[in-house]
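Student: One file: my_file02.cif (mmCIF, C-alpha atoms and all ligand atoms).
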data_work
#
loop_
_atom_site.label_atom_id
_atom_site.label_comp_id
_atom_site.auth_asym_id
_atom_site.auth_seq_id
_atom_site.Cartn_x
_atom_site.Cartn_y
_atom_site.Cartn_z
CA MET G 1 2.07 -26.95 -4.18
CA ASN G 2 -1.06 -25.37 -5.58
CA VAL G 3 -2.08 -26.20 -9.16
CA PRO G 4 -5.38 -24.55 -10.05
CA LEU G 5 -7.30 -25.78 -13.08
CA LEU G 6 -6.60 -22.41 -14.70
CA ASP G 7 -4.51 -19.46 -13.49
CA LEU G 8 -5.45 -16.31 -15.36
CA LYS G 9 -3.46 -14.15 -12.95
CA ALA G 10 -0.27 -15.91 -14.08
CA GLN G 11 -1.14 -15.07 -17.69
CA TYR G 12 -2.02 -11.47 -16.87
CA ALA G 13 1.33 -10.96 -15.14
CA THR G 14 3.06 -11.66 -18.47
CA ILE G 15 1.00 -9.16 -20.51
CA ARG G 16 0.09 -6.42 -18.02
CA ALA G 17 2.50 -3.94 -19.61
CA GLU G 18 0.89 -4.43 -23.03
CA ILE G 19 -2.70 -4.40 -21.80
CA GLU G 20 -2.77 -1.32 -19.61
CA PRO G 21 -1.95 1.24 -22.33
CA VAL G 22 -4.56 -0.12 -24.78
CA VAL G 23 -7.27 -0.14 -22.13
CA LYS G 24 -6.33 3.44 -21.26
CA GLU G 25 -6.45 4.32 -24.97
CA VAL G 26 -10.05 3.07 -25.26
CA ILE G 27 -11.04 4.89 -22.09
CA GLU G 28 -9.46 8.11 -23.32
CA SER G 29 -11.24 7.73 -26.68
CA GLN G 30 -14.62 7.11 -24.97
CA TYR G 31 -15.40 4.98 -28.04
CA PHE G 32 -16.88 1.92 -26.33
CA ILE G 33 -19.19 0.36 -28.91
CA GLY G 34 -18.02 -0.25 -32.49
CA GLY G 35 -15.07 1.74 -33.76
CA PRO G 36 -11.55 0.92 -34.92
CA LYS G 37 -10.67 -1.71 -32.30
CA ILE G 38 -13.67 -3.86 -33.28
CA ALA G 39 -12.91 -3.48 -36.99
CA GLU G 40 -9.27 -4.44 -36.38
CA LEU G 41 -10.17 -7.49 -34.29
CA GLU G 42 -12.67 -8.65 -36.91
CA CYS G 43 -10.08 -8.26 -39.66
CA MET G 44 -7.35 -10.07 -37.66
CA THR G 45 -9.74 -12.87 -36.70
CA ALA G 46 -10.94 -13.44 -40.26
CA GLY G 47 -7.29 -13.78 -41.30
CA TYR G 48 -6.45 -16.03 -38.37
CA CYS G 49 -9.44 -18.30 -39.02
CA GLN G 50 -8.82 -18.41 -42.80
CA THR G 51 -12.18 -16.83 -43.62
CA LYS G 52 -13.29 -13.76 -45.53
CA TYR G 53 -15.43 -12.29 -42.74
CA ALA G 54 -15.54 -12.20 -38.96
CA ILE G 55 -18.20 -10.36 -36.97
CA GLY G 56 -17.89 -9.70 -33.27
CA CYS G 57 -20.80 -10.29 -30.91
CA ALA G 58 -21.54 -10.39 -27.19
CA ASN G 59 -20.66 -14.04 -26.43
CA GLY G 60 -20.27 -17.49 -27.95
CA SER G 61 -23.88 -18.43 -27.23
CA ASP G 62 -25.23 -15.45 -29.17
CA ALA G 63 -22.77 -16.34 -31.93
CA ILE G 64 -24.64 -19.63 -32.44
CA VAL G 65 -28.03 -17.90 -32.35
CA LEU G 66 -26.85 -15.30 -34.89
CA ALA G 67 -25.48 -18.03 -37.16
CA LEU G 68 -28.65 -20.13 -37.06
CA GLN G 69 -30.94 -17.12 -37.46
CA ALA G 70 -28.91 -15.90 -40.46
CA LEU G 71 -29.38 -19.36 -42.00
CA GLY G 72 -33.13 -19.02 -41.56
CA ILE G 73 -33.61 -21.44 -38.65
CA LYS G 74 -36.94 -20.71 -37.01
CA ALA G 75 -39.50 -22.06 -34.59
CA GLY G 76 -40.44 -25.65 -35.37
CA ASP G 77 -37.19 -26.52 -37.18
CA GLU G 78 -34.91 -29.28 -35.92
CA VAL G 79 -31.17 -28.81 -35.48
CA ILE G 80 -28.65 -31.59 -34.78
CA CYS G 81 -26.14 -31.05 -32.00
CA PRO G 82 -23.99 -33.36 -29.90
CA THR G 83 -25.34 -34.32 -26.50
CA PHE G 84 -21.81 -34.22 -25.03
CA THR G 85 -21.00 -30.51 -25.12
CA PHE G 86 -21.49 -27.33 -23.13
CA PHE G 87 -25.13 -26.39 -22.72
CA ALA G 88 -24.97 -23.34 -25.00
CA THR G 89 -24.78 -25.42 -28.18
CA ALA G 90 -28.32 -26.72 -27.65
CA GLY G 91 -29.54 -23.75 -25.59
CA SER G 92 -28.95 -21.51 -28.59
CA VAL G 93 -31.06 -23.79 -30.80
CA HIS G 94 -33.85 -23.65 -28.21
CA ARG G 95 -33.66 -19.84 -28.01
CA LEU G 96 -34.83 -19.66 -31.65
CA GLY G 97 -37.82 -21.88 -30.89
CA ALA G 98 -36.16 -24.73 -32.79
CA THR G 99 -35.72 -28.25 -31.41
CA PRO G 100 -32.31 -29.75 -30.65
CA VAL G 101 -31.87 -33.26 -32.04
CA PHE G 102 -29.14 -34.86 -29.98
CA VAL G 103 -26.52 -37.30 -31.24
CA ASP G 104 -23.86 -39.38 -29.50
CA CYS G 105 -20.11 -38.77 -29.26
CA ASP G 106 -17.10 -40.68 -30.51
CA PRO G 107 -15.61 -42.36 -27.41
CA ALA G 108 -12.03 -41.81 -28.61
CA THR G 109 -12.28 -38.02 -29.01
CA PHE G 110 -15.52 -37.00 -27.21
CA ASN G 111 -16.46 -35.25 -30.47
CA ILE G 112 -19.71 -35.63 -32.41
CA CYS G 113 -20.21 -39.11 -33.88
CA PRO G 114 -20.88 -39.07 -37.66
CA GLU G 115 -22.76 -42.42 -37.60
CA SER G 116 -25.09 -41.13 -34.89
CA THR G 117 -25.55 -37.92 -36.92
CA ARG G 118 -26.51 -39.91 -39.99
CA ALA G 119 -28.91 -42.02 -37.94
CA ALA G 120 -30.70 -38.88 -36.69
CA PHE G 121 -31.80 -38.09 -40.23
CA ARG G 122 -33.56 -41.47 -40.39
CA CYS G 123 -35.72 -40.62 -37.35
CA HIS G 124 -36.32 -36.88 -37.85
CA ARG G 125 -37.93 -35.31 -40.89
CA ASN G 126 -37.44 -31.61 -40.23
CA ILE G 127 -33.69 -31.23 -39.65
CA LYS G 128 -32.52 -27.90 -41.05
CA ALA G 129 -28.92 -27.60 -39.77
CA ILE G 130 -26.10 -29.46 -38.02
CA VAL G 131 -24.04 -27.84 -35.25
CA PRO G 132 -20.95 -29.98 -34.59
CA VAL G 133 -18.64 -28.86 -31.77
CA HIS G 134 -14.84 -28.92 -31.86
CA LEU G 135 -14.71 -30.06 -28.27
CA PHE G 136 -11.82 -29.32 -25.90
CA GLY G 137 -9.87 -27.74 -28.80
CA GLN G 138 -9.78 -30.74 -31.13
CA ALA G 139 -11.39 -30.69 -34.57
CA CYS G 140 -14.31 -33.04 -34.98
CA ASP G 141 -14.54 -35.25 -38.07
CA LEU G 142 -15.63 -32.35 -40.22
CA ASP G 143 -15.13 -34.22 -43.51
CA ALA G 144 -17.82 -36.67 -42.44
CA ILE G 145 -20.16 -34.04 -41.00
CA LEU G 146 -19.86 -31.76 -44.04
CA ALA G 147 -20.52 -34.74 -46.32
CA ILE G 148 -23.68 -35.58 -44.37
CA GLY G 149 -24.78 -31.93 -44.48
CA GLN G 150 -24.23 -31.81 -48.23
CA GLU G 151 -26.04 -35.08 -48.84
CA MET G 152 -29.01 -33.99 -46.73
CA GLY G 153 -29.01 -30.43 -48.06
CA VAL G 154 -28.52 -28.73 -44.69
CA PRO G 155 -25.85 -26.23 -43.64
CA VAL G 156 -23.22 -26.89 -40.98
CA VAL G 157 -22.51 -24.33 -38.25
CA GLU G 158 -19.20 -25.14 -36.54
CA ASP G 159 -19.37 -24.44 -32.81
CA ALA G 160 -15.69 -23.62 -32.36
CA ALA G 161 -16.14 -21.87 -29.00
CA GLN G 162 -13.30 -23.93 -27.50
CA ALA G 163 -11.16 -24.16 -30.60
CA ILE G 164 -9.73 -20.92 -31.99
CA GLY G 165 -6.73 -21.85 -34.15
CA THR G 166 -7.53 -25.56 -34.17
CA GLU G 167 -6.80 -27.23 -37.50
CA ASP G 168 -8.19 -30.38 -39.06
CA ALA G 169 -6.00 -33.00 -40.75
CA HIS G 170 -6.01 -30.89 -43.96
CA GLY G 171 -4.51 -27.96 -42.07
CA LYS G 172 -7.79 -26.03 -42.34
CA ARG G 173 -8.72 -23.84 -39.38
CA VAL G 174 -12.00 -24.65 -37.68
CA GLY G 175 -14.78 -22.22 -38.50
CA SER G 176 -13.60 -21.93 -42.12
CA ARG G 177 -15.29 -24.90 -43.78
CA GLY G 178 -18.88 -24.88 -42.50
CA ALA G 179 -21.36 -22.20 -43.58
CA ILE G 180 -20.52 -20.30 -40.37
CA GLY G 181 -18.09 -20.78 -37.48
CA THR G 182 -18.84 -19.53 -33.97
CA PHE G 183 -16.31 -18.67 -31.26
CA SER G 184 -16.37 -17.63 -27.61
CA TYR G 185 -14.03 -15.20 -25.85
CA PHE G 186 -15.10 -16.43 -22.41
CA PRO G 187 -12.05 -15.85 -20.15
CA SER G 188 -11.18 -19.56 -19.86
CA LYS G 189 -10.79 -20.02 -23.61
CA ASN G 190 -7.31 -20.06 -25.22
CA LEU G 191 -8.16 -16.52 -26.38
CA GLY G 192 -10.27 -15.12 -23.55
CA GLY G 193 -11.39 -11.56 -22.93
CA PHE G 194 -11.81 -9.64 -19.70
CA GLY G 195 -15.49 -10.58 -19.69
CA ASP G 196 -17.88 -12.02 -22.23
CA GLY G 197 -17.36 -11.86 -25.96
CA GLY G 198 -17.82 -13.88 -29.13
CA ILE G 199 -17.33 -13.80 -32.89
CA VAL G 200 -18.72 -15.52 -35.99
CA THR G 201 -16.77 -16.35 -39.15
CA THR G 202 -17.96 -17.03 -42.69
CA ASN G 203 -16.87 -16.89 -46.32
CA ASP G 204 -20.37 -15.93 -47.47
CA GLU G 205 -20.92 -12.22 -47.98
CA ALA G 206 -24.72 -12.39 -47.69
CA LEU G 207 -24.51 -14.31 -44.39
CA ALA G 208 -21.91 -11.87 -43.08
CA THR G 209 -24.09 -8.89 -43.94
CA ARG G 210 -27.11 -10.48 -42.32
CA MET G 211 -25.24 -11.35 -39.10
CA MET G 212 -23.86 -7.81 -38.93
CA ARG G 213 -27.44 -6.56 -39.02
CA LEU G 214 -28.81 -9.17 -36.64
CA ARG G 215 -26.27 -8.40 -33.91
CA ASN G 216 -27.56 -4.82 -33.92
CA HIS G 217 -31.33 -5.35 -33.61
CA GLY G 218 -31.65 -6.20 -37.31
CA MET G 219 -31.13 -2.49 -37.97
CA GLU G 220 -30.10 -1.30 -41.46
CA PRO G 221 -30.04 1.58 -42.17
CA LYS G 222 -30.22 3.32 -38.81
CA TYR G 223 -33.67 2.97 -37.21
CA TYR G 224 -35.04 0.77 -40.00
CA HIS G 225 -35.68 -2.90 -39.14
CA ASP G 226 -36.73 -5.44 -41.78
CA GLU G 227 -36.30 -8.24 -39.23
CA VAL G 228 -35.90 -8.53 -35.48
CA GLY G 229 -32.34 -9.04 -34.32
CA MET G 230 -30.78 -8.66 -30.90
CA ASN G 231 -28.36 -6.47 -29.02
CA SER G 232 -25.25 -8.61 -29.24
CA ARG G 233 -22.34 -6.28 -29.84
CA LEU G 234 -18.75 -6.82 -28.76
CA ASP G 235 -17.37 -3.79 -26.93
CA ALA G 236 -14.19 -1.92 -27.71
CA LEU G 237 -12.51 -2.63 -24.36
CA GLN G 238 -12.80 -6.38 -25.02
CA ALA G 239 -11.51 -5.94 -28.57
CA ALA G 240 -8.50 -3.97 -27.32
CA VAL G 241 -7.62 -6.69 -24.81
CA LEU G 242 -8.19 -9.47 -27.34
CA LEU G 243 -5.97 -7.79 -29.93
CA VAL G 244 -3.09 -7.82 -27.46
CA LYS G 245 -3.79 -11.40 -26.48
CA MET G 246 -3.93 -12.49 -30.13
CA ARG G 247 -0.21 -11.73 -30.43
CA HIS G 248 0.43 -14.45 -27.85
CA LEU G 249 -2.22 -16.95 -28.85
CA ASP G 250 -0.03 -19.29 -30.90
CA ALA G 251 2.67 -19.38 -28.24
CA TRP G 252 0.05 -20.12 -25.58
CA SER G 253 -1.49 -22.89 -27.66
CA SER G 254 2.00 -24.36 -28.23
CA GLY G 255 2.56 -24.26 -24.47
CA ARG G 256 -0.63 -26.24 -23.95
CA GLN G 257 0.54 -28.77 -26.57
CA ARG G 258 3.88 -29.08 -24.80
CA ASN G 259 2.14 -29.70 -21.48
CA ALA G 260 -0.16 -32.26 -23.09
CA ALA G 261 2.83 -34.09 -24.58
CA PHE G 262 4.45 -34.20 -21.12
CA TYR G 263 1.32 -35.68 -19.51
CA ASP G 264 0.89 -38.14 -22.41
CA ALA G 265 4.45 -39.39 -21.97
CA GLN G 266 4.13 -39.72 -18.18
CA PHE G 267 0.84 -41.57 -18.41
CA ALA G 268 2.05 -43.86 -21.20
CA ALA G 269 5.16 -44.67 -19.15
CA ALA G 270 2.87 -45.68 -16.28
CA GLY G 271 1.11 -48.12 -18.61
CA ALA G 272 -1.91 -46.05 -19.62
CA LYS G 273 -3.32 -46.25 -23.14
CA ASP G 274 -4.84 -43.39 -25.11
CA SER G 275 -8.61 -42.96 -25.34
CA GLY G 276 -8.67 -44.91 -28.60
CA THR G 277 -8.57 -47.97 -26.32
CA ALA G 278 -11.78 -48.56 -24.36
CA MET G 279 -11.51 -48.78 -20.59
CA SER G 280 -13.01 -52.26 -20.89
CA ALA G 281 -9.85 -53.44 -22.69
CA GLY G 282 -8.11 -53.46 -19.30
CA GLY G 283 -4.57 -52.37 -18.44
CA PHE G 284 -3.67 -49.32 -16.37
CA ALA G 285 -6.96 -47.65 -15.42
CA LEU G 286 -6.34 -44.35 -17.17
CA ARG G 287 -6.89 -43.14 -20.72
CA TYR G 288 -5.12 -39.99 -21.94
CA PRO G 289 -6.37 -38.06 -25.00
CA LYS G 290 -5.92 -39.88 -28.29
CA PRO G 291 -3.34 -37.98 -30.37
CA ALA G 292 -4.83 -35.77 -33.09
CA PRO G 293 -4.48 -37.16 -36.64
CA VAL G 294 -1.26 -36.35 -38.52
CA GLY G 295 -1.42 -32.78 -39.85
CA ALA G 296 -4.12 -31.70 -37.39
CA ARG G 297 -3.62 -29.12 -34.63
CA HIS G 298 -5.22 -29.74 -31.23
CA ILE G 299 -5.06 -26.57 -29.11
CA TYR G 300 -5.97 -28.30 -25.82
CA ASN G 301 -8.48 -25.88 -24.41
CA GLN G 302 -8.96 -28.83 -22.09
CA TYR G 303 -6.85 -31.92 -21.43
CA THR G 304 -9.40 -34.56 -20.55
CA VAL G 305 -8.48 -38.03 -19.30
CA ARG G 306 -10.74 -40.94 -18.46
CA VAL G 307 -10.67 -43.15 -15.39
CA PRO G 308 -13.19 -45.90 -14.53
CA ALA G 309 -16.52 -44.47 -13.39
CA GLU G 310 -16.37 -46.17 -10.00
CA ILE G 311 -13.13 -44.40 -9.01
CA ARG G 312 -13.56 -41.08 -10.83
CA ASP G 313 -14.87 -39.05 -7.90
CA ALA G 314 -12.32 -40.52 -5.49
CA VAL G 315 -9.49 -39.66 -7.90
CA ARG G 316 -10.81 -36.10 -8.12
CA GLN G 317 -10.90 -35.91 -4.34
CA ASP G 318 -7.31 -37.21 -4.08
CA LEU G 319 -6.23 -34.51 -6.50
CA ALA G 320 -8.18 -31.84 -4.62
CA ASP G 321 -6.44 -32.99 -1.40
CA ARG G 322 -3.14 -32.29 -3.18
CA ARG G 323 -4.43 -28.87 -4.20
CA ILE G 324 -4.80 -29.82 -7.85
CA GLY G 325 -7.82 -28.30 -9.57
CA THR G 326 -9.87 -30.49 -11.89
CA GLU G 327 -13.28 -30.27 -13.51
CA ILE G 328 -15.80 -32.58 -15.08
CA TYR G 329 -16.71 -31.55 -18.58
CA TYR G 330 -19.54 -32.58 -18.65
CA PRO G 331 -21.30 -34.44 -15.86
CA VAL G 332 -24.75 -34.58 -17.48
CA PRO G 333 -25.17 -35.08 -21.25
CA LEU G 334 -27.69 -32.63 -22.67
CA HIS G 335 -30.32 -35.26 -23.55
CA MET G 336 -30.50 -36.00 -19.79
CA GLN G 337 -30.89 -32.37 -18.67
CA LYS G 338 -34.22 -31.61 -16.99
CA CYS G 339 -34.94 -28.68 -19.29
CA PHE G 340 -34.91 -31.07 -22.26
CA ALA G 341 -37.08 -33.74 -20.61
CA TYR G 342 -39.90 -32.69 -22.95
CA LEU G 343 -37.90 -34.22 -25.81
CA ASN G 344 -38.40 -37.66 -24.23
CA TYR G 345 -34.89 -39.07 -24.63
CA THR G 346 -34.35 -42.18 -22.55
CA LYS G 347 -31.32 -43.05 -20.45
CA GLY G 348 -28.99 -45.37 -22.36
CA ILE G 349 -29.84 -44.02 -25.79
CA PHE G 350 -26.39 -42.38 -26.19
CA PRO G 351 -24.09 -44.81 -24.38
CA HIS G 352 -20.80 -43.17 -25.35
CA ALA G 353 -21.81 -39.76 -24.06
CA GLU G 354 -23.29 -41.24 -20.90
CA ARG G 355 -20.07 -43.19 -20.28
CA ALA G 356 -17.92 -40.12 -20.96
CA ALA G 357 -19.92 -38.13 -18.41
CA LEU G 358 -18.98 -40.72 -15.77
CA GLU G 359 -15.31 -41.17 -16.71
CA ALA G 360 -13.97 -37.77 -17.80
CA ILE G 361 -11.70 -35.53 -15.73
CA ALA G 362 -10.07 -32.35 -17.07
CA LEU G 363 -6.58 -31.62 -15.70
CA PRO G 364 -4.71 -28.28 -15.52
CA ILE G 365 -3.17 -27.63 -18.95
CA TYR G 366 -2.72 -23.83 -19.17
CA PRO G 367 0.58 -22.70 -20.70
CA ASP G 368 1.95 -20.95 -17.60
CA LEU G 369 2.25 -24.23 -15.67
CA VAL G 370 5.85 -24.75 -14.53
CA PRO G 371 7.61 -28.14 -14.76
CA ALA G 372 7.24 -28.83 -11.03
CA GLN G 373 3.48 -28.32 -11.28
CA LEU G 374 3.21 -30.60 -14.30
CA GLU G 375 5.24 -33.28 -12.54
CA HIS G 376 3.08 -32.93 -9.42
CA VAL G 377 -0.13 -33.36 -11.44
CA ALA G 378 1.12 -36.35 -13.46
CA ALA G 379 2.57 -38.14 -10.44
CA SER G 380 -0.53 -37.47 -8.34
CA VAL G 381 -2.89 -38.77 -11.03
CA ILE G 382 -0.84 -41.93 -11.50
CA GLU G 383 -0.56 -42.56 -7.77
CA SER G 384 -4.26 -41.97 -7.17
CA VAL G 385 -5.36 -44.23 -10.02
CA ARG G 386 -2.94 -46.90 -8.85
CA SER G 387 -4.20 -46.85 -5.27
CA ARG G 388 -7.90 -46.43 -6.07
CA SER G 389 -8.04 -49.27 -8.58
CA GLY G 390 -6.11 -51.82 -6.53
CA SER G 391 -3.25 -52.80 -8.81
CA GLY G 392 -3.90 -49.75 -10.97
CA THR G 393 -5.42 -51.92 -13.64
CA THR G 394 -8.96 -52.27 -14.79
CA GLY G 395 -10.02 -55.74 -15.80
CA ALA G 396 -11.78 -56.56 -19.03
CA GLY G 397 -15.44 -55.69 -18.73
CA ALA G 398 -14.83 -52.86 -16.27
CA ARG G 399 -16.88 -49.78 -16.98
C1 LIG W 401 -18.90 -25.63 -26.88
C2 LIG W 401 -19.36 -24.28 -26.44
N1 LIG W 401 -20.31 -23.66 -27.14
C3 LIG W 401 -20.75 -22.43 -26.81
C4 LIG W 401 -20.25 -21.78 -25.70
C5 LIG W 401 -20.83 -20.47 -25.31
O1 LIG W 401 -19.93 -19.43 -25.21
P1 LIG W 401 -20.20 -18.22 -24.22
O2 LIG W 401 -19.98 -18.68 -22.84
O3 LIG W 401 -19.21 -17.18 -24.67
O4 LIG W 401 -21.60 -17.79 -24.44
C6 LIG W 401 -19.25 -22.38 -24.93
C7 LIG W 401 -18.69 -21.70 -23.76
O5 LIG W 401 -18.14 -22.27 -22.88
C8 LIG W 401 -18.79 -23.66 -25.31
O6 LIG W 401 -17.85 -24.29 -24.60
#
Render the structure in this file as structure tokens.

Tutor:
Amino acid sequence: MNVPLLDLKAQYATIRAEIEPVVKEVIESQYFIGGPKIAELECMTAGYCQTKYAIGCANGSDAIVLALQALGIKAGDEVICPTFTFFATAGSVHRLGATPVFVDCDPATFNICPESTRAAFRCHRNIKAIVPVHLFGQACDLDAILAIGQEMGVPVVEDAAQAIGTEDAHGKRVGSRGAIGTFSYFPSKNLGGFGDGGIVTTNDEALATRMMRLRNHGMEPKYYHDEVGMNSRLDALQAAVLLVKMRHLDAWSSGRQRNAAFYDAQFAAAGAKDSGTAMSAGGFALRYPKPAPVGARHIYNQYTVRVPAEIRDAVRQDLADRRIGTEIYYPVPLHMQKCFAYLNYTKGIFPHAERAALEAIALPIYPDLVPAQLEHVAASVIESVRSRSGSGTTGAGAR
């Protein structure tokens, strides 16, 4: 049995009949940039994300650049971001000439650590924004991050690239509480386009107006430029596809939650604990994702488990041998990337992120998985962990 990490063809088969006419409609209209499909997607997304405004752009990386530029971030400024995230979070800070200030993650959720965020303000004097990430589809501790931002007088940009529709414990959608939220329509996201795409959300009219200008070369009115923006427009074909997919988004996210609950139950029955329990506590050598707090909504863009570092690659290989796709998100924390060597971070400075990079494995979680595939994945993981770690347990003190 083949279980890829993600099977977009399976998803497409269920929506082909809805997609083909809208793509044809855009082609017939020859209206490829701007136009009614973009306006409709922006309106639907603002509603979905519980914000007043949503502005489409070319991808989730540009979304972060647009957000930071609209907030006035410029060369020489410092911007906090987690070290355990996809590269774009920090790459977008760098693109503005600003300096990323990295902080550690919470070992239970992989999300940005508030204590580490607070500590960064003690060592850096020029921090002008915080960019927390809602990693893998789970809300970070936004109450804590917003409180730090307020206390320090800096805005929060929520990198929600992986988290459209995610809710915090108050039932608030991500991207609605910070100054700006940023999203990606990369095909592997819960709401993915047929190519690149992104969107920003905000409740602030002035920021919305500025981002609308910035995504179109800073132009307003036509051919007049008070500031330099970029070409970062979402195209109408993507918007047409995304509007169709939006109708299915909640059902797809529920399917991911159902699959996650199945894995959780299988792993717990095998003796595994959730990631709120450190690997060093011993027991079965597997940690499944810690359940989201009551009231919160985790959309499981990824389902990431931990196994001890010394068996992680062997477990991955066992799964590959059984034709099960996995991935490591992320093998190198950003403070250890060569391109950021000039920032002089030392190995060991962010132990939780460094540990996560050695222990994490993402398993197939997409909603189209059938029960036999889910059973195959769960059984294969359990069997591999059991055989690779001797008794299947990791003793106290194990990494
Ligand atoms: C956390 C995070 N931020 C930003 C991005 C960038 O999005 P895009 O690939 O659309 O530029 C991604 C994409 O994977 C992401 O996962």

Student: Please write out the residues within 6 Å of ligand LIG 401 (chain W) as a list in words, counting only C-alpha atoms and all ligand atoms.

Tutor: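 For ligand LIG 401 (chain W), the residues inside 6 Å are Asn59, Gly60, Ser61, Thr85, Phe86, Ala88, Thr89, Val133, Asp159, Ala161, Gln162, Ser184, Tyr185, Phe186, Asp196, Gly197 and Gly198 of chain G.
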
Student: May I have the residues at most 9 Å from (-9.9, -43.9, -5.1) in the file's coordinates, counting all atoms listed in the file, as a count of residues only?

Tutor: 16

Student: May I ask for the distance between atom CA of Phe183 of chain G and atom CA of Ile199 of chain G, given in Å to one decimal place?

Tutor: 5.2 Å

Student: Could you tell me how far atom CA of Ala169 of chain G lies from atom CA of Pro114 of chain G, in Å and to one decimal?

Tutor: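 These atoms are spaced 16.4 Å apart.
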
Student: Could you list, with a cut-off of 12 Å and counting all atoms listed in the file, the residues of segment 13-113 of chain G near segment 328-349 of chain G, each shown with its nearest atom pair and the distance in Å rounded to one decimal, rows sorted by chain and ascending number, as CSV?

Tutor:
residue,atom,partner,partner_atom,distance
G:Glu78,CA,G:Leu343,CA,11.6
G:Ile80,CA,G:His335,CA,11.9
G:Cys81,CA,G:Leu334,CA,9.6
G:Pro82,CA,G:Leu334,CA,8.2
G:Thr83,CA,G:Leu334,CA,4.8
G:Phe84,CA,G:Pro333,CA,5.1
G:Thr85,CA,G:Tyr330,CA,6.9
G:Phe86,CA,G:Tyr330,CA,7.2
G:Phe87,CA,G:Leu334,CA,6.7
G:Ala88,CA,G:Leu334,CA,10.0
G:Thr89,CA,G:Leu334,CA,9.5
G:Ala90,CA,G:Leu334,CA,7.8
G:Gly91,CA,G:Leu334,CA,9.5
G:Val93,CA,G:Phe340,CA,11.9
G:His94,CA,G:Phe340,CA,9.6
G:Ala98,CA,G:Leu343,CA,11.9
G:Thr99,CA,G:Leu343,CA,8.5
G:Pro100,CA,G:Leu343,CA,8.6
G:Val101,CA,G:Leu343,CA,8.7
G:Phe102,CA,G:His335,CA,6.5
G:Val103,CA,G:His335,CA,8.8
G:Asp104,CA,G:Ile349,CA,8.4
G:Cys105,CA,G:Pro333,CA,10.2
G:Phe110,CA,G:Tyr329,CA,10.3

Student: I'd like to know which of G:Glu20, G:Glu115, G:Asp77, G:Asp226 is closest to Ile148 of chain G, using only C-alpha atoms.

Tutor: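 Closest residue, counting only C-alpha atoms: G:Glu115.
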
Student: Around (-22.1, -40.6, -27.5), as given in the file, which residues come within 6 Å? Count only C-alpha atoms and list them as number ranges by chain.

Tutor: G: 104-106, 350-353

Student: How about saving the chosen residues, C-alpha atoms kept, as a PDB file, keeping the file's coordinate frame?

Tutor:
ATOM      1  CA  ASP G 104     -23.860 -39.380 -29.500  1.00  0.00           C
ATOM      2  CA  CYS G 105     -20.110 -38.770 -29.260  1.00  0.00           C
ATOM      3  CA  ASP G 106     -17.100 -40.680 -30.510  1.00  0.00           C
ATOM      4  CA  PHE G 350     -26.390 -42.380 -26.190  1.00  0.00           C
ATOM      5  CA  PRO G 351     -24.090 -44.810 -24.380  1.00  0.00           C
ATOM      6  CA  HIS G 352     -20.800 -43.170 -25.350  1.00  0.00           C
ATOM      7  CA  ALA G 353     -21.810 -39.760 -24.060  1.00  0.00           C
TER       8      ALA G 353
END

Student: With distances taken over all atoms listed in the file, which residue among G:Pro289, G:Gly295, G:Gly149, G:Pro308 lies nearest Asn111 of chain G?

Tutor: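 Under the stated criterion, the closest residue is G:Pro289.
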
Student: Do you have the atom CA of Ala206 of chain G-atom CA of Thr166 of chain G distance handy?

Tutor: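 Computing it gives 25.5 Å between the two atoms.
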
Student: Counting only C-alpha atoms, which of G:Pro367, G:Pro187, G:Pro4, G:Gly181 gets nearest to Ala163 of chain G?

Tutor: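 Looking at the shortest contact to Ala163 of chain G, the residue is G:Gly181.
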
Student: Kindly provide, as AutoDock Vina command-line options, the centre and edge lengths (Å, one decimal) of an axis-aligned box around all atoms of segment 361-377 of chain G given in the file, with 8 Å on each side.

Tutor:
--center_x -2.0 --center_y -28.2 --center_z -15.1 --size_x 35.3 --size_y 30.6 --size_z 27.3

Student: With all atoms listed in the file as the atoms that count, which of G:Thr304, G:Thr277, G:Thr51, G:Gln69 lies nearest to Asp264 of chain G?

Tutor: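 Under the stated criterion, the closest residue is G:Thr304.
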
Student: Mind checking which residues fall within 7 Å of segment 191-195 of chain G, counting all atoms listed in the file, ignoring those fewer than 5 positions away in the same chain, and posting them as a PyMOL selection string?

Tutor: chain G and resi 185-186+238+241-242+245-246+249

Student: Counting all atoms listed in the file, figure out which residue out of G:Lys37, G:Arg210, G:Lys172, G:Arg233 gets nearest to Gly72 of chain G.

Tutor: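 Answer, going by the shortest atom-to-atom distance: G:Arg210.
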
Student: When distances are computed from all atoms listed in the file, which of G:Ala285, G:Arg125, G:Leu41, G:Glu327 shows the smallest separation from Ala270 of chain G?

Tutor: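 Among G:Ala285, G:Arg125, G:Leu41, G:Glu327, it is G:Ala285 that comes nearest to Ala270 of chain G.
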
Student: Please provide the set of residues having any atom within 10 Å of Leu66 of chain G, restricted to all atoms listed in the file, with same-chain residues fewer than 5 positions apart removed, written as a list in words.

Tutor: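 In the requested format, the answer is Cys57, Gly60, Ser61, Leu71, Gly72, Ile73, Ser92, Leu96, Ile180, Thr182, Ile199, Val200, Leu207, Arg210, Met211, Met212, Arg213, Leu214, Arg215, Gly229, Met230 and Ser232 of chain G.
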
Student: Just the residues within 10 Å of Ala272 of chain G, please, counting only C-alpha atoms, with nothing from its chain fewer than 6 positions along; format it as a PyMOL selection string.

Tutor: chain G and resi 264-266+282-288+382+392-393
